[in-house]
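Below is final-v9.csv, which holds CSV, C-alpha atoms.
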chain,number,residue,atom,x,y,z
A,1,MET,CA,111.2,123.9,51.7
A,2,LYS,CA,114.8,125.2,51.6
A,3,ILE,CA,117.1,123.5,54.0
A,4,LYS,CA,118.6,125.8,56.6
A,5,ASN,CA,122.3,126.5,56.8
A,6,VAL,CA,124.0,123.9,59.0
A,7,GLU,CA,126.2,126.5,60.5
A,8,GLU,CA,123.1,127.6,62.5
A,9,LEU,CA,122.6,124.1,63.7
A,10,MET,CA,126.3,123.8,64.8
A,11,GLU,CA,125.8,127.0,66.8
A,12,LYS,CA,122.7,125.6,68.5
A,13,ILE,CA,124.4,122.5,69.7
A,14,ASP,CA,127.7,124.4,70.4
A,15,TYR,CA,129.8,122.0,68.3
A,16,LYS,CA,131.7,122.7,65.1
A,17,PHE,CA,132.2,119.6,63.0
A,18,ARG,CA,135.7,119.1,61.6
A,19,ASN,CA,134.3,116.6,59.0
A,20,GLU,CA,130.9,118.0,57.9
A,21,SER,CA,130.2,114.9,55.9
A,22,TYR,CA,129.3,113.2,59.2
A,23,LEU,CA,126.8,116.0,59.9
A,24,LYS,CA,125.3,115.7,56.4
A,25,GLU,CA,124.9,111.9,56.8
A,26,ALA,CA,123.2,112.4,60.2
A,27,LEU,CA,120.7,114.8,58.5
A,28,THR,CA,119.9,112.6,55.5
A,29,HIS,CA,116.8,110.5,55.8
A,30,ARG,CA,116.5,107.2,54.0
A,31,SER,CA,113.7,108.5,51.8
A,32,PHE,CA,116.0,111.2,50.4
A,33,SER,CA,118.7,108.6,49.7
A,34,ASN,CA,116.2,106.3,47.9
A,35,GLU,CA,115.0,109.2,45.8
A,36,HIS,CA,118.5,110.5,44.7
A,37,GLU,CA,120.8,108.2,42.8
A,38,LYS,CA,123.9,110.1,43.9
A,39,SER,CA,123.0,109.6,47.6
A,40,LYS,CA,122.3,105.9,47.3
A,41,ASN,CA,123.1,104.1,50.6
A,42,PHE,CA,124.0,107.5,52.2
A,43,ASP,CA,121.5,108.0,55.0
A,44,ASN,CA,121.5,108.4,58.8
A,45,GLU,CA,120.4,104.8,59.8
A,46,LYS,CA,123.9,103.6,60.8
A,47,LEU,CA,124.6,106.8,62.7
A,48,GLU,CA,121.2,106.4,64.4
A,49,PHE,CA,122.3,102.9,65.6
A,50,LEU,CA,125.6,104.3,66.9
A,51,GLY,CA,124.0,107.3,68.5
A,52,ASP,CA,121.5,105.1,70.3
A,53,ALA,CA,124.3,103.2,71.9
A,54,VAL,CA,126.2,106.4,72.8
A,55,LEU,CA,123.1,108.0,74.3
A,56,ASN,CA,122.4,104.8,76.2
A,57,LEU,CA,125.7,105.1,78.0
A,58,ILE,CA,125.4,108.8,78.5
A,59,THR,CA,122.0,108.4,80.1
A,60,THR,CA,122.9,105.5,82.2
A,61,GLU,CA,126.0,107.3,83.6
A,62,TYR,CA,123.9,110.5,84.2
A,63,ILE,CA,121.0,108.9,86.1
A,64,TYR,CA,123.4,106.7,88.1
A,65,ASN,CA,125.3,109.7,89.3
A,66,SER,CA,122.1,111.8,89.8
A,67,GLY,CA,120.7,109.6,92.6
A,68,LYS,CA,117.3,109.5,91.0
A,69,GLY,CA,116.8,105.8,91.2
A,70,LYS,CA,116.6,103.9,94.6
A,71,ASN,CA,117.3,100.5,93.0
A,72,GLU,CA,118.1,98.8,89.7
A,73,GLY,CA,114.4,98.5,88.8
A,74,GLU,CA,113.8,102.2,89.2
A,75,LEU,CA,116.9,103.1,87.2
A,76,ALA,CA,116.0,100.7,84.4
A,77,LYS,CA,112.4,102.2,84.2
A,78,LEU,CA,113.8,105.8,84.2
A,79,LYS,CA,116.3,104.9,81.5
A,80,SER,CA,113.7,103.3,79.3
A,81,GLN,CA,111.6,106.5,79.6
A,82,ILE,CA,114.6,108.7,78.6
A,83,ILE,CA,115.9,106.6,75.8
A,84,SER,CA,112.8,107.1,73.8
A,85,GLU,CA,111.2,108.7,70.8
A,86,PRO,CA,109.2,111.2,72.9
A,87,VAL,CA,112.3,112.6,74.6
A,88,PHE,CA,114.6,112.6,71.6
A,89,SER,CA,112.0,114.1,69.3
A,90,ALA,CA,111.3,116.8,71.9
A,91,ILE,CA,114.9,117.8,72.0
A,92,ALA,CA,115.1,117.7,68.2
A,93,ALA,CA,112.0,120.0,68.0
A,94,GLU,CA,113.6,122.3,70.5
A,95,ILE,CA,116.7,122.9,68.3
A,96,GLY,CA,114.6,122.9,65.1
A,97,LEU,CA,116.4,119.8,63.8
A,98,GLY,CA,113.6,119.2,61.3
A,99,ASP,CA,114.6,122.3,59.3
A,100,TYR,CA,118.0,120.9,58.4
A,101,LEU,CA,116.9,117.4,57.3
A,102,TYR,CA,117.2,116.0,53.8
A,103,LEU,CA,113.9,114.4,53.0
A,104,SER,CA,112.2,113.0,49.9
A,105,ASN,CA,109.5,115.0,48.3
A,106,GLY,CA,106.9,112.6,49.7
A,107,GLU,CA,108.1,112.9,53.2
A,108,GLU,CA,108.4,116.6,52.8
A,109,SER,CA,104.8,117.0,51.7
A,110,SER,CA,103.4,114.6,54.3
A,111,GLY,CA,104.9,116.6,57.3
A,112,GLY,CA,108.1,114.6,57.7
A,113,ARG,CA,110.0,117.5,59.2
A,114,LYS,CA,107.7,117.4,62.3
A,115,ARG,CA,107.2,113.6,62.5
A,116,LYS,CA,108.4,112.4,65.9
A,117,SER,CA,109.9,109.2,64.6
A,118,ILE,CA,112.1,111.0,62.1
A,119,LEU,CA,113.1,113.7,64.5
A,120,GLY,CA,114.0,111.2,67.3
A,121,ASP,CA,116.1,109.2,64.9
A,122,ALA,CA,117.8,112.3,63.6
A,123,PHE,CA,118.8,113.4,67.1
A,124,GLU,CA,120.3,109.9,67.8
A,125,ALA,CA,122.2,110.2,64.5
A,126,LEU,CA,123.4,113.7,65.3
A,127,ILE,CA,125.0,112.5,68.6
A,128,GLY,CA,126.5,109.5,66.7
A,129,ALA,CA,128.0,112.0,64.2
A,130,VAL,CA,129.5,114.1,67.0
A,131,PHE,CA,131.0,110.9,68.6
A,132,LEU,CA,132.6,109.9,65.3
A,133,ASP,CA,133.9,113.4,64.6
A,134,SER,CA,135.4,113.8,68.1
A,135,ASP,CA,135.1,111.4,71.1
A,136,TYR,CA,132.7,110.1,73.7
A,137,TYR,CA,133.2,113.0,76.1
A,138,THR,CA,132.4,115.6,73.5
A,139,ALA,CA,129.3,113.7,72.5
A,140,LYS,CA,128.4,113.5,76.1
A,141,ASN,CA,128.8,117.2,76.7
A,142,THR,CA,126.7,117.9,73.6
A,143,ALA,CA,123.9,115.6,74.7
A,144,LEU,CA,123.9,116.9,78.3
A,145,LYS,CA,123.2,120.4,77.0
A,146,PHE,CA,119.7,119.2,76.4
A,147,LEU,CA,119.0,115.9,78.3
A,148,PRO,CA,118.9,117.1,81.9
A,149,ASP,CA,116.0,119.5,81.3
A,150,LYS,CA,114.0,116.8,79.7
A,151,ILE,CA,114.9,114.3,82.4
A,152,ASN,CA,113.8,116.7,85.1
A,153,ASN,CA,110.5,117.4,83.3
A,154,LEU,CA,109.5,114.0,81.9
A,155,GLU,CA,105.9,114.5,82.9
A,156,ASP,CA,105.6,117.4,80.5
A,157,ILE,CA,106.7,115.4,77.5
A,158,GLU,CA,103.8,114.1,75.5
A,159,GLY,CA,103.7,110.4,75.1
A,160,ILE,CA,106.3,109.6,77.8
A,161,ILE,CA,103.9,108.2,80.4
A,162,ASP,CA,101.7,105.2,79.6
A,163,TYR,CA,98.6,106.5,81.3
A,164,LYS,CA,96.6,103.3,80.5
A,165,THR,CA,99.1,101.1,82.3
A,166,VAL,CA,99.3,103.5,85.3
A,167,LEU,CA,95.5,103.5,85.5
A,168,GLN,CA,95.3,99.8,85.3
A,169,GLU,CA,97.8,99.4,88.1
A,170,VAL,CA,95.8,101.9,90.3
A,171,PHE,CA,92.5,100.0,89.6
A,172,GLN,CA,94.0,96.6,90.4
A,173,SER,CA,95.7,97.7,93.6
A,174,LYS,CA,92.9,100.0,94.9
A,175,TYR,CA,89.7,98.6,93.4
A,176,LYS,CA,90.6,95.0,92.5
A,177,LYS,CA,89.2,95.4,89.0
A,178,MET,CA,90.1,96.6,85.5
A,179,PRO,CA,89.2,100.0,83.9
A,180,GLU,CA,86.2,99.9,81.6
A,181,TYR,CA,86.5,101.8,78.3
A,182,GLU,CA,83.5,102.7,76.2
A,183,ILE,CA,83.2,104.6,72.9
A,184,LEU,CA,80.8,107.5,73.4
A,185,ASP,CA,80.9,109.0,70.0
A,186,THR,CA,82.7,108.9,66.6
A,187,LYS,CA,82.8,111.9,64.3
A,188,GLY,CA,84.2,112.7,60.9
A,189,PRO,CA,84.9,110.9,57.7
A,190,ASP,CA,86.8,107.6,57.6
A,191,HIS,CA,90.2,109.2,56.8
A,192,ASN,CA,89.8,111.8,59.6
A,193,LYS,CA,87.8,110.3,62.4
A,194,VAL,CA,87.7,111.6,66.0
A,195,PHE,CA,86.9,109.2,68.8
A,196,GLU,CA,85.4,110.1,72.1
A,197,ILE,CA,85.9,107.4,74.8
A,198,SER,CA,85.1,107.2,78.4
A,199,VAL,CA,86.6,105.2,81.3
A,200,LYS,CA,84.4,104.1,84.1
A,201,LEU,CA,84.7,103.1,87.7
A,202,ASN,CA,81.6,101.3,89.2
A,203,ASN,CA,79.6,102.4,86.1
A,204,LYS,CA,80.5,106.0,86.8
A,205,ILE,CA,82.4,108.0,84.1
A,206,ILE,CA,85.6,109.3,85.7
A,207,GLY,CA,87.5,110.3,82.5
A,208,ILE,CA,86.7,111.2,78.9
A,209,GLY,CA,89.3,111.5,76.1
A,210,ARG,CA,89.2,112.5,72.4
A,211,GLY,CA,91.6,111.5,69.7
A,212,LYS,CA,92.1,110.5,66.1
A,213,SER,CA,92.5,106.9,67.1
A,214,LYS,CA,90.9,104.7,69.8
A,215,LYS,CA,94.3,104.3,71.4
A,216,GLU,CA,94.9,108.0,71.7
A,217,ALA,CA,91.4,108.7,73.0
A,218,GLU,CA,91.7,105.9,75.6
A,219,LYS,CA,95.1,107.3,76.7
A,220,ARG,CA,93.6,110.8,77.3
A,221,ALA,CA,90.6,109.3,79.1
A,222,ALA,CA,93.0,107.3,81.4
A,223,LYS,CA,95.0,110.5,82.1
A,224,GLU,CA,91.8,112.3,83.1
A,225,ALA,CA,90.7,109.4,85.2
A,226,ILE,CA,94.1,109.4,87.1
A,227,GLU,CA,93.7,113.1,87.8
A,228,PHE,CA,90.1,112.5,89.1
A,229,ILE,CA,91.4,109.7,91.5
A,230,GLU,CA,94.3,111.9,92.7
A,231,ASN,CA,92.0,114.9,93.3
A,232,LYS,CA,89.5,112.7,95.2
A,233,LYS,CA,92.4,111.4,97.3
A,234,ARG,CA,93.5,114.9,98.1
A,235,ILE,CA,90.0,116.1,99.1
A,236,GLN,CA,89.6,113.1,101.4
A,237,LYS,CA,92.8,114.1,103.2
A,238,ILE,CA,91.6,117.6,103.9

Could you render the structure from this file as structure tokens?
Amino acid sequence: MKIKNVEELMEKIDYKFRNESYLKEALTHRSFSNEHEKSKNFDNEKLEFLGDAVLNLITTEYIYNSGKGKNEGELAKLKSQIISEPVFSAIAAEIGLGDYLYLSNGEESSGGRKRKSILGDAFEALIGAVFLDSDYYTAKNTALKFLPDKINNLEDIEGIIDYKTVLQEVFQSKYKKMPEYEILDTKGPDHNKVFEISVKLNNKIIGIGRGKSKKEAEKRAAKEAIEFIENKKRIQKI
């Protein structure tokens, strides 16, 4: 795939780099660096490290001033949800960051441009690059063009909520027991299996999930079970 013109990316984030080598570094995945001798040791990992620290401060400042957390524990939990691969990869996907990345042929052919881990890391590196090219306040303004929308809609971001942990907490507080997961069916060849898993309450199935791994199927079953319990609670209130 031909890499898109970075001028488009700068328009999307509303920031014009003075030193575009920072931007190129932010967009260069380690796999590309390893595959090209001229790019040896030129990749986005150090910028990712820097960007993570910058985003940590930006996010902490934002949620502190937003009044979203009642106490330190709530603020810490919220921050850990925001400073995460699901949120950063969602922002990266929104701006089409994958289309501008320098990847190895192997990463390219295996869907690297859409891989959440690569996209999330690239967004961190991008903010790190803006910080180096300008200052903290410019990096903050760039990040806050995208972060508030995601912060206000965390429930809509796939992978942000640990439904299994939430269900376990509900079961322990409400029913004094643990959820019971059971494999109902397994389909497909070894390299492309699909698992169907149920979760039970008092031997009654209250959620079913399907996924390409047991973990994914259990997570979806837990989500359905939580919805079942919440609906039951609403009906009882009527």

Given the choices A:Gln172, A:Asn203, A:Ser89, A:Gln81, which gets closest to Ile151 of chain A if the distance is worked out from only C-alpha atoms?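 The closest residue to Ile151 of chain A is A:Gln81.
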
Closest of A:Lys150, A:Lys215, A:Lys187, A:Lys16 to Thr138 of chain A - atom-to-atom distances counting all atoms listed in the file: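 For Thr138 of chain A, the nearest of the candidates is A:Lys16.
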
Just the residues within 10 Å of segment 63-72 of chain A, please, counting all atoms listed in the file, with nothing from its chain fewer than 6 positions along; format it as a ChimeraX atom specification. /A:78-79,82,148,151-152

Once you have the residues from the selection above, write them out as a short mmCIF file (atom, residue, chain, number, x, y, z; two decimals), in the coordinates of the input, restricted to C-alpha atoms.
data_model
loop_
_atom_site.label_atom_id
_atom_site.label_comp_id
_atom_site.auth_asym_id
_atom_site.auth_seq_id
_atom_site.Cartn_x
_atom_site.Cartn_y
_atom_site.Cartn_z
CA LEU A 78 113.80 105.80 84.20
CA LYS A 79 116.30 104.90 81.50
CA ILE A 82 114.60 108.70 78.60
CA PRO A 148 118.90 117.10 81.90
CA ILE A 151 114.90 114.30 82.40
CA ASN A 152 113.80 116.70 85.10
#

Provide the atom CA of Gly159 of chain A to atom CA of Lys223 of chain A distance in Å, to one decimal place. 11.2 Å

Rounded to one decimal place, report the atom CA of Val199 of chain A-atom CA of Gly211 of chain A distance in Å.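 Here the two named atoms are 14.1 Å from each other.
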
Could you state the separation of atom CA of His36 of chain A and atom CA of Glu85 of chain A in Å, given to one decimal place?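 Taking atom CA of His36 of chain A as the start and atom CA of Glu85 of chain A as the end point, the length is 27.2 Å.
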
Pick out the closest residue to Glu48 of chain A from this set: A:Gly128, A:Gly207, A:Gly98, A:Gly188. Count all atoms listed in the file.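 Selected residue with least distance to Glu48 of chain A: A:Gly128.
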
Go through A:Glu45, A:Glu11, A:Glu107, A:Glu74 one by one, measure the shortest atom-to-atom distance of each to Ser31 of chain A using all atoms listed in the file, and give the residue with the smallest value.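 Ranked by minimum distance to Ser31 of chain A, first place goes to A:Glu107.
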
Around (81.7, 101.6, 73.4) in the file's own coordinates, what residues are found within 10 Å if you use all atoms listed in the file, given back as number ranges by chain? A: 180-185, 196-199

Tell me which of A:Tyr137, A:Phe146, A:Tyr22, A:Phe88 sits closest to Lys116 of chain A, counting only C-alpha atoms.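 Of A:Tyr137, A:Phe146, A:Tyr22, A:Phe88, the one nearest Lys116 of chain A, counting only C-alpha atoms, is A:Phe88.
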
Nearest candidate to His191 of chain A (options A:Lys212, A:Phe17, A:Lys145, A:Leu101; using all atoms listed in the file): A:Lys212

Neighbours of Val170 of chain A within 12 Å (only C-alpha atoms; same-chain residues fewer than 3 positions away dropped), as a PDB file with C-alpha atoms, in the coordinates of the input?
ATOM      1  CA  TYR A 163      98.600 106.500  81.300  1.00  0.00           C
ATOM      2  CA  LYS A 164      96.600 103.300  80.500  1.00  0.00           C
ATOM      3  CA  THR A 165      99.100 101.100  82.300  1.00  0.00           C
ATOM      4  CA  VAL A 166      99.300 103.500  85.300  1.00  0.00           C
ATOM      5  CA  LEU A 167      95.500 103.500  85.500  1.00  0.00           C
ATOM      6  CA  SER A 173      95.700  97.700  93.600  1.00  0.00           C
ATOM      7  CA  LYS A 174      92.900 100.000  94.900  1.00  0.00           C
ATOM      8  CA  TYR A 175      89.700  98.600  93.400  1.00  0.00           C
ATOM      9  CA  LYS A 176      90.600  95.000  92.500  1.00  0.00           C
ATOM     10  CA  LYS A 177      89.200  95.400  89.000  1.00  0.00           C
ATOM     11  CA  MET A 178      90.100  96.600  85.500  1.00  0.00           C
ATOM     12  CA  PRO A 179      89.200 100.000  83.900  1.00  0.00           C
ATOM     13  CA  LEU A 201      84.700 103.100  87.700  1.00  0.00           C
ATOM     14  CA  ALA A 222      93.000 107.300  81.400  1.00  0.00           C
ATOM     15  CA  LYS A 223      95.000 110.500  82.100  1.00  0.00           C
ATOM     16  CA  ALA A 225      90.700 109.400  85.200  1.00  0.00           C
ATOM     17  CA  ILE A 226      94.100 109.400  87.100  1.00  0.00           C
ATOM     18  CA  GLU A 227      93.700 113.100  87.800  1.00  0.00           C
ATOM     19  CA  ILE A 229      91.400 109.700  91.500  1.00  0.00           C
ATOM     20  CA  GLU A 230      94.300 111.900  92.700  1.00  0.00           C
TER      21      GLU A 230
END
